[in-house]
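Student: model17.pdb is the file, holding PDB, C-alpha atoms:
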ATOM      1  CA  MET A 523    -216.345 108.860 -27.250  1.00  0.00           C
ATOM      2  CA  ILE A 524    -215.860 107.559 -30.718  1.00  0.00           C
ATOM      3  CA  PHE A 525    -213.456 109.533 -32.869  1.00  0.00           C
ATOM      4  CA  LEU A 526    -213.382 109.187 -36.625  1.00  0.00           C
ATOM      5  CA  ARG A 527    -210.762 110.827 -38.773  1.00  0.00           C
ATOM      6  CA  HIS A 528    -212.153 112.128 -42.046  1.00  0.00           C
ATOM      7  CA  PRO A 529    -211.951 109.913 -45.182  1.00  0.00           C
ATOM      8  CA  THR A 530    -208.903 110.122 -47.480  1.00  0.00           C
ATOM      9  CA  PRO A 531    -208.650 113.698 -48.782  1.00  0.00           C
ATOM     10  CA  ASP A 532    -208.199 114.513 -52.436  1.00  0.00           C
ATOM     11  CA  VAL A 533    -204.718 116.018 -52.235  1.00  0.00           C
ATOM     12  CA  ALA A 534    -201.315 115.075 -53.601  1.00  0.00           C
ATOM     13  CA  SER A 535    -198.995 113.197 -51.284  1.00  0.00           C
ATOM     14  CA  GLY A 536    -196.514 115.445 -49.498  1.00  0.00           C
ATOM     15  CA  VAL A 537    -198.730 118.547 -49.396  1.00  0.00           C
ATOM     16  CA  CYS A 538    -199.195 120.478 -46.155  1.00  0.00           C
ATOM     17  CA  TYR A 539    -202.958 120.973 -46.078  1.00  0.00           C
ATOM     18  CA  GLY A 540    -203.985 121.605 -42.427  1.00  0.00           C
ATOM     19  CA  GLN A 541    -207.160 123.690 -42.699  1.00  0.00           C
ATOM     20  CA  THR A 542    -207.331 123.695 -46.499  1.00  0.00           C
ATOM     21  CA  ASP A 543    -210.898 122.598 -47.257  1.00  0.00           C
ATOM     22  CA  LEU A 544    -210.512 119.502 -49.421  1.00  0.00           C
ATOM     23  CA  ASP A 545    -212.964 117.039 -50.913  1.00  0.00           C
ATOM     24  CA  ILE A 546    -212.448 113.282 -50.576  1.00  0.00           C
ATOM     25  CA  THR A 547    -211.217 110.683 -53.036  1.00  0.00           C
ATOM     26  CA  THR A 548    -213.159 107.772 -54.527  1.00  0.00           C
ATOM     27  CA  GLN A 549    -211.454 105.659 -51.863  1.00  0.00           C
ATOM     28  CA  GLY A 550    -212.861 108.089 -49.292  1.00  0.00           C
ATOM     29  CA  HIS A 551    -216.417 107.312 -50.415  1.00  0.00           C
ATOM     30  CA  ALA A 552    -215.730 103.595 -49.922  1.00  0.00           C
ATOM     31  CA  GLN A 553    -214.323 104.408 -46.456  1.00  0.00           C
ATOM     32  CA  ILE A 554    -217.597 106.141 -45.560  1.00  0.00           C
ATOM     33  CA  GLU A 555    -219.526 103.012 -46.540  1.00  0.00           C
ATOM     34  CA  ARG A 556    -217.241 100.907 -44.317  1.00  0.00           C
ATOM     35  CA  ALA A 557    -217.610 103.366 -41.438  1.00  0.00           C
ATOM     36  CA  LEU A 558    -221.390 103.098 -41.664  1.00  0.00           C
ATOM     37  CA  GLY A 559    -221.038  99.366 -41.012  1.00  0.00           C
ATOM     38  CA  THR A 560    -218.403  99.534 -38.263  1.00  0.00           C
ATOM     39  CA  THR A 561    -219.470 102.564 -36.226  1.00  0.00           C
ATOM     40  CA  PRO A 562    -221.969 101.780 -33.441  1.00  0.00           C
ATOM     41  CA  LYS A 563    -225.318 103.580 -33.280  1.00  0.00           C
ATOM     42  CA  LEU A 564    -224.825 107.133 -32.091  1.00  0.00           C
ATOM     43  CA  ALA A 565    -226.844 109.587 -30.010  1.00  0.00           C
ATOM     44  CA  ARG A 566    -224.801 112.651 -31.007  1.00  0.00           C
ATOM     45  CA  ILE A 567    -222.336 113.649 -33.716  1.00  0.00           C
ATOM     46  CA  ILE A 568    -220.055 116.675 -33.491  1.00  0.00           C
ATOM     47  CA  ALA A 569    -217.814 117.393 -36.460  1.00  0.00           C
ATOM     48  CA  SER A 570    -215.283 119.734 -37.940  1.00  0.00           C
ATOM     49  CA  PRO A 571    -216.956 121.851 -40.638  1.00  0.00           C
ATOM     50  CA  ALA A 572    -214.310 120.755 -43.170  1.00  0.00           C
ATOM     51  CA  LEU A 573    -215.890 119.182 -46.274  1.00  0.00           C
ATOM     52  CA  ARG A 574    -213.884 115.986 -45.763  1.00  0.00           C
ATOM     53  CA  CYS A 575    -215.413 115.655 -42.272  1.00  0.00           C
ATOM     54  CA  ARG A 576    -218.909 116.835 -43.208  1.00  0.00           C
ATOM     55  CA  LYS A 577    -219.364 114.043 -45.739  1.00  0.00           C
ATOM     56  CA  LEU A 578    -218.683 111.320 -43.172  1.00  0.00           C
ATOM     57  CA  ALA A 579    -220.575 113.048 -40.337  1.00  0.00           C
ATOM     58  CA  LEU A 580    -223.696 113.666 -42.428  1.00  0.00           C
ATOM     59  CA  SER A 581    -223.720 110.048 -43.626  1.00  0.00           C
ATOM     60  CA  LEU A 582    -223.571 108.812 -40.014  1.00  0.00           C
ATOM     61  CA  GLY A 583    -226.234 111.310 -38.987  1.00  0.00           C
ATOM     62  CA  GLU A 584    -228.547 110.163 -41.766  1.00  0.00           C
ATOM     63  CA  ARG A 585    -227.974 106.526 -40.782  1.00  0.00           C
ATOM     64  CA  ASP A 586    -228.894 107.210 -37.144  1.00  0.00           C
ATOM     65  CA  GLY A 587    -231.548 109.868 -37.741  1.00  0.00           C
ATOM     66  CA  ILE A 588    -229.697 112.591 -35.828  1.00  0.00           C
ATOM     67  CA  GLU A 589    -228.645 116.103 -36.696  1.00  0.00           C
ATOM     68  CA  VAL A 590    -224.924 116.767 -36.889  1.00  0.00           C
ATOM     69  CA  ARG A 591    -223.496 119.737 -34.986  1.00  0.00           C
ATOM     70  CA  PHE A 592    -220.462 121.387 -36.561  1.00  0.00           C
ATOM     71  CA  ASP A 593    -217.843 122.977 -34.338  1.00  0.00           C
ATOM     72  CA  GLU A 594    -215.103 125.247 -35.719  1.00  0.00           C
ATOM     73  CA  ARG A 595    -212.829 124.271 -32.825  1.00  0.00           C
ATOM     74  CA  LEU A 596    -212.454 120.776 -34.320  1.00  0.00           C
ATOM     75  CA  TRP A 597    -210.625 121.979 -37.446  1.00  0.00           C
ATOM     76  CA  GLU A 598    -207.136 120.641 -38.101  1.00  0.00           C
ATOM     77  CA  MET A 599    -204.139 122.765 -37.093  1.00  0.00           C
ATOM     78  CA  HIS A 600    -203.867 125.991 -39.079  1.00  0.00           C
ATOM     79  CA  MET A 601    -200.585 125.745 -40.958  1.00  0.00           C
ATOM     80  CA  GLY A 602    -200.563 129.424 -41.984  1.00  0.00           C
ATOM     81  CA  GLU A 603    -198.338 130.323 -44.912  1.00  0.00           C
ATOM     82  CA  TRP A 604    -197.561 126.645 -45.471  1.00  0.00           C
ATOM     83  CA  GLU A 605    -201.162 125.691 -46.311  1.00  0.00           C
ATOM     84  CA  GLY A 606    -201.339 124.072 -49.742  1.00  0.00           C
ATOM     85  CA  LEU A 607    -197.573 123.931 -50.268  1.00  0.00           C
ATOM     86  CA  ALA A 608    -195.622 120.755 -50.821  1.00  0.00           C
ATOM     87  CA  TRP A 609    -193.419 120.175 -47.782  1.00  0.00           C
ATOM     88  CA  LYS A 610    -190.382 120.084 -50.099  1.00  0.00           C
ATOM     89  CA  GLU A 611    -191.234 123.651 -51.260  1.00  0.00           C
ATOM     90  CA  ILE A 612    -191.071 125.044 -47.724  1.00  0.00           C
ATOM     91  CA  ASP A 613    -187.729 126.455 -46.595  1.00  0.00           C
ATOM     92  CA  SER A 614    -186.177 123.635 -44.554  1.00  0.00           C
ATOM     93  CA  SER A 615    -184.675 126.097 -42.047  1.00  0.00           C
ATOM     94  CA  LEU A 616    -188.246 127.185 -41.195  1.00  0.00           C
ATOM     95  CA  THR A 617    -189.566 123.656 -40.801  1.00  0.00           C
ATOM     96  CA  GLU A 618    -186.519 122.612 -38.764  1.00  0.00           C
ATOM     97  CA  ALA A 619    -187.016 125.560 -36.399  1.00  0.00           C
ATOM     98  CA  TRP A 620    -190.728 124.735 -36.050  1.00  0.00           C
ATOM     99  CA  LEU A 621    -190.043 121.028 -35.461  1.00  0.00           C
ATOM    100  CA  LYS A 622    -187.746 121.802 -32.508  1.00  0.00           C
ATOM    101  CA  ASP A 623    -190.947 122.460 -30.521  1.00  0.00           C
ATOM    102  CA  PRO A 624    -194.134 122.185 -32.632  1.00  0.00           C
ATOM    103  CA  VAL A 625    -196.240 122.171 -29.464  1.00  0.00           C
ATOM    104  CA  ASN A 626    -195.232 125.772 -28.698  1.00  0.00           C
ATOM    105  CA  ASN A 627    -193.825 127.099 -32.003  1.00  0.00           C
ATOM    106  CA  PRO A 628    -196.519 128.368 -34.387  1.00  0.00           C
ATOM    107  CA  THR A 629    -196.100 127.950 -38.108  1.00  0.00           C
ATOM    108  CA  PRO A 630    -195.622 131.288 -39.942  1.00  0.00           C
ATOM    109  CA  GLY A 631    -199.061 132.918 -39.954  1.00  0.00           C
ATOM    110  CA  GLY A 632    -200.570 129.804 -38.349  1.00  0.00           C
ATOM    111  CA  GLU A 633    -200.861 128.232 -34.942  1.00  0.00           C
ATOM    112  CA  CYS A 634    -198.872 125.924 -32.700  1.00  0.00           C
ATOM    113  CA  PHE A 635    -200.098 122.515 -31.569  1.00  0.00           C
ATOM    114  CA  ALA A 636    -200.842 123.869 -28.072  1.00  0.00           C
ATOM    115  CA  ASP A 637    -203.368 126.251 -29.679  1.00  0.00           C
ATOM    116  CA  LEU A 638    -205.083 123.320 -31.388  1.00  0.00           C
ATOM    117  CA  GLN A 639    -204.955 121.280 -28.191  1.00  0.00           C
ATOM    118  CA  ALA A 640    -206.598 124.069 -26.162  1.00  0.00           C
ATOM    119  CA  ARG A 641    -209.484 124.645 -28.577  1.00  0.00           C
ATOM    120  CA  VAL A 642    -210.145 120.920 -29.001  1.00  0.00           C
ATOM    121  CA  ALA A 643    -210.057 120.353 -25.215  1.00  0.00           C
ATOM    122  CA  GLN A 644    -212.598 123.153 -24.797  1.00  0.00           C
ATOM    123  CA  ALA A 645    -214.925 121.680 -27.444  1.00  0.00           C
ATOM    124  CA  ILE A 646    -214.651 118.112 -26.122  1.00  0.00           C
ATOM    125  CA  GLY A 647    -214.901 119.246 -22.478  1.00  0.00           C
ATOM    126  CA  GLU A 648    -218.381 120.618 -23.155  1.00  0.00           C
ATOM    127  CA  LEU A 649    -219.501 117.089 -24.069  1.00  0.00           C
ATOM    128  CA  ASP A 650    -218.615 115.437 -20.752  1.00  0.00           C
ATOM    129  CA  ASP A 651    -222.153 114.304 -20.001  1.00  0.00           C
ATOM    130  CA  GLY A 652    -224.416 111.267 -20.096  1.00  0.00           C
ATOM    131  CA  LEU A 653    -224.157 111.032 -23.896  1.00  0.00           C
ATOM    132  CA  ALA A 654    -220.357 111.039 -24.054  1.00  0.00           C
ATOM    133  CA  LEU A 655    -220.072 107.294 -24.718  1.00  0.00           C
ATOM    134  CA  GLU A 656    -222.608 107.508 -27.563  1.00  0.00           C
ATOM    135  CA  THR A 657    -220.990 110.539 -29.167  1.00  0.00           C
ATOM    136  CA  ALA A 658    -218.934 110.574 -32.342  1.00  0.00           C
ATOM    137  CA  ILE A 659    -216.374 113.266 -33.030  1.00  0.00           C
ATOM    138  CA  VAL A 660    -215.630 113.439 -36.764  1.00  0.00           C
ATOM    139  CA  CYS A 661    -212.478 115.449 -37.201  1.00  0.00           C
ATOM    140  CA  HIS A 662    -208.830 115.337 -38.253  1.00  0.00           C
ATOM    141  CA  ALA A 663    -205.710 113.542 -37.050  1.00  0.00           C
ATOM    142  CA  GLY A 664    -204.537 116.613 -35.082  1.00  0.00           C
ATOM    143  CA  PRO A 665    -207.609 116.851 -32.811  1.00  0.00           C
ATOM    144  CA  ILE A 666    -207.539 113.086 -32.221  1.00  0.00           C
ATOM    145  CA  ARG A 667    -203.873 113.258 -31.233  1.00  0.00           C
ATOM    146  CA  ALA A 668    -204.529 116.333 -29.066  1.00  0.00           C
ATOM    147  CA  THR A 669    -207.238 114.414 -27.192  1.00  0.00           C
ATOM    148  CA  GLN A 670    -204.917 111.426 -26.712  1.00  0.00           C
ATOM    149  CA  MET A 671    -202.274 113.767 -25.297  1.00  0.00           C
ATOM    150  CA  THR A 672    -204.756 115.474 -22.946  1.00  0.00           C
ATOM    151  CA  TRP A 673    -206.631 112.383 -21.751  1.00  0.00           C
ATOM    152  CA  HIS A 674    -203.885 109.763 -21.788  1.00  0.00           C
ATOM    153  CA  GLY A 675    -200.801 111.853 -21.090  1.00  0.00           C
ATOM    154  CA  LEU A 676    -199.089 111.023 -24.370  1.00  0.00           C
ATOM    155  CA  THR A 677    -196.201 113.194 -25.469  1.00  0.00           C
ATOM    156  CA  PHE A 678    -196.313 114.907 -28.851  1.00  0.00           C
ATOM    157  CA  HIS A 679    -193.945 112.301 -30.283  1.00  0.00           C
ATOM    158  CA  GLU A 680    -195.940 109.390 -28.841  1.00  0.00           C
ATOM    159  CA  ALA A 681    -199.184 110.786 -30.258  1.00  0.00           C
ATOM    160  CA  PHE A 682    -197.559 111.284 -33.659  1.00  0.00           C
ATOM    161  CA  SER A 683    -195.884 107.863 -33.792  1.00  0.00           C
ATOM    162  CA  GLU A 684    -198.895 106.427 -35.612  1.00  0.00           C
ATOM    163  CA  ALA A 685    -201.516 108.191 -37.715  1.00  0.00           C
ATOM    164  CA  PRO A 686    -205.172 107.560 -36.926  1.00  0.00           C
ATOM    165  CA  PRO A 687    -206.695 105.595 -39.818  1.00  0.00           C
ATOM    166  CA  TYR A 688    -209.124 107.267 -42.187  1.00  0.00           C
ATOM    167  CA  ALA A 689    -212.837 106.867 -41.358  1.00  0.00           C
ATOM    168  CA  GLU A 690    -212.411 104.079 -38.811  1.00  0.00           C
ATOM    169  CA  PRO A 691    -214.045 104.389 -35.385  1.00  0.00           C
ATOM    170  CA  LEU A 692    -211.575 104.815 -32.544  1.00  0.00           C
ATOM    171  CA  ARG A 693    -212.984 104.734 -29.009  1.00  0.00           C
ATOM    172  CA  LEU A 694    -211.170 107.021 -26.585  1.00  0.00           C
ATOM    173  CA  LEU A 695    -212.200 107.062 -22.946  1.00  0.00           C
ATOM    174  CA  LYS A 696    -211.456 109.953 -20.657  1.00  0.00           C
ATOM    175  CA  PRO A 697    -209.896 108.724 -17.404  1.00  0.00           C
ATOM    176  CA  GLY A 698    -212.710 107.877 -14.982  1.00  0.00           C
ATOM    177  CA  TRP A 699    -215.290 107.084 -17.646  1.00  0.00           C
ATOM    178  CA  PRO A 700    -216.771 103.571 -17.485  1.00  0.00           C
ATOM    179  CA  GLU A 701    -216.101 101.054 -20.219  1.00  0.00           C
ATOM    180  CA  PRO A 702    -219.079 100.974 -22.595  1.00  0.00           C
ATOM    181  CA  ALA A 703    -221.431  97.975 -22.451  1.00  0.00           C
ATOM    182  CA  VAL A 704    -220.847  95.555 -25.309  1.00  0.00           C
TER     183      VAL A 704
END
What is this structure when it is put down as structure tokens?
Tutor:
Amino acid sequence: MIFLRHPTPDVASGVCYGQTDLDITTQGHAQIERALGTTPKLARIIASPALRCRKLALSLGERDGIEVRFDERLWEMHMGEWEGLAWKEIDSSLTEAWLKDPVNNPTPGGECFADLQARVAQAIGELDDGLALETAIVCHAGPIRATQMTWHGLTFHEAFSEAPPYAEPLRLLKPGWPEPAV
């Protein structure tokens, strides 16, 4: 499968935005144009319904003449009461407690990473068919990392050591899938 993180969102640096529905920046529009040139032809596109994902997914769908399917399970992690706040505005004792085990500790009023991982695994698991290698998943960094953890056995810290780039195709193969023909 080809995973594409949404283009650069229009949000100030240092803001916790999780499921906040944001538009993209001018740079994000240029990233979509690049993605159209670097993403192989697709047979299927599944995307988070977030505006920042929809714009990229619909552009790819138009390019390839296919309808995009939106799946709520591909949203970014719900950060609860922290949504839209600058990280520096959030009580550090709360973030420190959450960071001791973000896989299992939910954010106040939100979810934990294991919740995100379970819903993403369910959504992606339904796509394990003959079209899997020609499928694009347009989503967020969290679902990409969750898939890397599930398929490749990465730990939370390994998956979070590097952020997936904005709007660049990343091919992830589930163990046992054949390498795609070049």
Student: Go through range 526-595 of chain A residue by residue and, counting only C-alpha atoms, keep those with an atom at most 12 Å from range 613-634 of chain A; for each kept residue give the shortest atom pair and its distance in Å to one decimal, ordered by chain and increasing number, as JSON lines.
Tutor:
{"residue": "A:Cys538", "atom": "CA", "partner": "A:Thr629", "partner_atom": "CA", "distance": 11.4}
{"residue": "A:Tyr539", "atom": "CA", "partner": "A:Gly632", "partner_atom": "CA", "distance": 12.0}
{"residue": "A:Gly540", "atom": "CA", "partner": "A:Gly632", "partner_atom": "CA", "distance": 9.8}
{"residue": "A:Gln541", "atom": "CA", "partner": "A:Gly632", "partner_atom": "CA", "distance": 10.0}
Student: Restricting the calculation to all atoms listed in the file, which member of A:Ile554, A:Leu649, A:Leu676, A:Val642 is positioned closest to His662 in chain A?
Tutor: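 Closest to His662 in chain A of all the choices is A:Val642.
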Student: Step by step, work through what the PyMOL selection byres ((chain A and resi 593-595) around 10) selects in the shown file, and finish by giving those residues as a PyMOL selection string.
Tutor: chain A and resi 568-572+590-592+596-599+638-646+659+661+665
Student: Given the choices A:Gly583, A:Gly652, A:Pro529, A:Gly602, which gets closest to Pro702 in chain A if the distance is worked out from only C-alpha atoms?
Tutor: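 Looking at the shortest contact to Pro702 in chain A, the residue is A:Gly652.
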Student: Leaving out Val660 in chain A and any residue of its chain fewer than 3 positions from it, which residues lie within 9 Å of it when counting only C-alpha atoms, given as a PyMOL selection string?
Tutor: chain A and resi 524-528+567-570+575-576+578-579+596+689
Student: Which of these residues is nearest to Ala663 in chain A, using all atoms listed in the file: A:Pro691, A:Pro686, A:Pro562, A:Gly647?
Tutor: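 When distances to Ala663 in chain A are compared using all atoms listed in the file, the smallest one comes from A:Pro686.
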Student: Could you state the separation of CA of Gly675 in chain A and CA of Tyr688 in chain A in Å, given to one decimal place?
Tutor: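 These two atoms are separated by 23.1 Å.
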Student: For the structure provided, state which residues fall under the PyMOL selection byres ((chain A and resi 693-698) around 6), and present them as a list in words.
Tutor: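 On the file shown, the PyMOL selection byres ((chain A and resi 693-698) around 6) covers Met523, Ile524, Trp673, Leu692 and Trp699 of chain A.
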Student: Restricting the calculation to all atoms listed in the file: of A:Glu701, A:Asp543, A:Asp532, A:Glu589, which residue gets closest to Ala654 in chain A?
Tutor: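 When distances to Ala654 in chain A are compared using all atoms listed in the file, the smallest one comes from A:Glu701.
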Student: Take range 605-616 of chain A, model N, CA and C atoms, and hand the result over as a PDB file, in the frame of the given file.
Tutor:
ATOM      1  N   GLU A 605    -199.962 126.359 -45.791  1.00  0.00           N
ATOM      2  CA  GLU A 605    -201.162 125.691 -46.311  1.00  0.00           C
ATOM      3  C   GLU A 605    -201.075 125.544 -47.829  1.00  0.00           C
ATOM      4  N   GLY A 606    -201.284 124.337 -48.309  1.00  0.00           N
ATOM      5  CA  GLY A 606    -201.339 124.072 -49.742  1.00  0.00           C
ATOM      6  C   GLY A 606    -199.997 123.917 -50.420  1.00  0.00           C
ATOM      7  N   LEU A 607    -198.910 124.092 -49.677  1.00  0.00           N
ATOM      8  CA  LEU A 607    -197.573 123.931 -50.268  1.00  0.00           C
ATOM      9  C   LEU A 607    -197.072 122.504 -50.068  1.00  0.00           C
ATOM     10  N   ALA A 608    -196.300 122.030 -51.018  1.00  0.00           N
ATOM     11  CA  ALA A 608    -195.622 120.755 -50.821  1.00  0.00           C
ATOM     12  C   ALA A 608    -194.551 120.979 -49.756  1.00  0.00           C
ATOM     13  N   TRP A 609    -194.410 120.028 -48.851  1.00  0.00           N
ATOM     14  CA  TRP A 609    -193.419 120.175 -47.782  1.00  0.00           C
ATOM     15  C   TRP A 609    -192.033 120.464 -48.360  1.00  0.00           C
ATOM     16  N   LYS A 610    -191.711 119.869 -49.509  1.00  0.00           N
ATOM     17  CA  LYS A 610    -190.382 120.084 -50.099  1.00  0.00           C
ATOM     18  C   LYS A 610    -190.207 121.497 -50.634  1.00  0.00           C
ATOM     19  N   GLU A 611    -191.309 122.258 -50.798  1.00  0.00           N
ATOM     20  CA  GLU A 611    -191.234 123.651 -51.260  1.00  0.00           C
ATOM     21  C   GLU A 611    -191.009 124.629 -50.107  1.00  0.00           C
ATOM     22  N   ILE A 612    -191.198 124.170 -48.887  1.00  0.00           N
ATOM     23  CA  ILE A 612    -191.071 125.044 -47.724  1.00  0.00           C
ATOM     24  C   ILE A 612    -189.607 125.083 -47.282  1.00  0.00           C
ATOM     25  N   ASP A 613    -189.115 126.263 -47.025  1.00  0.00           N
ATOM     26  CA  ASP A 613    -187.729 126.455 -46.595  1.00  0.00           C
ATOM     27  C   ASP A 613    -187.436 125.524 -45.411  1.00  0.00           C
ATOM     28  N   SER A 614    -186.478 124.642 -45.586  1.00  0.00           N
ATOM     29  CA  SER A 614    -186.177 123.635 -44.554  1.00  0.00           C
ATOM     30  C   SER A 614    -185.706 124.271 -43.246  1.00  0.00           C
ATOM     31  N   SER A 615    -185.092 125.462 -43.304  1.00  0.00           N
ATOM     32  CA  SER A 615    -184.675 126.097 -42.047  1.00  0.00           C
ATOM     33  C   SER A 615    -185.906 126.497 -41.220  1.00  0.00           C
ATOM     34  N   LEU A 616    -187.009 126.840 -41.899  1.00  0.00           N
ATOM     35  CA  LEU A 616    -188.246 127.185 -41.195  1.00  0.00           C
ATOM     36  C   LEU A 616    -188.894 125.940 -40.579  1.00  0.00           C
TER      37      LEU A 616
END
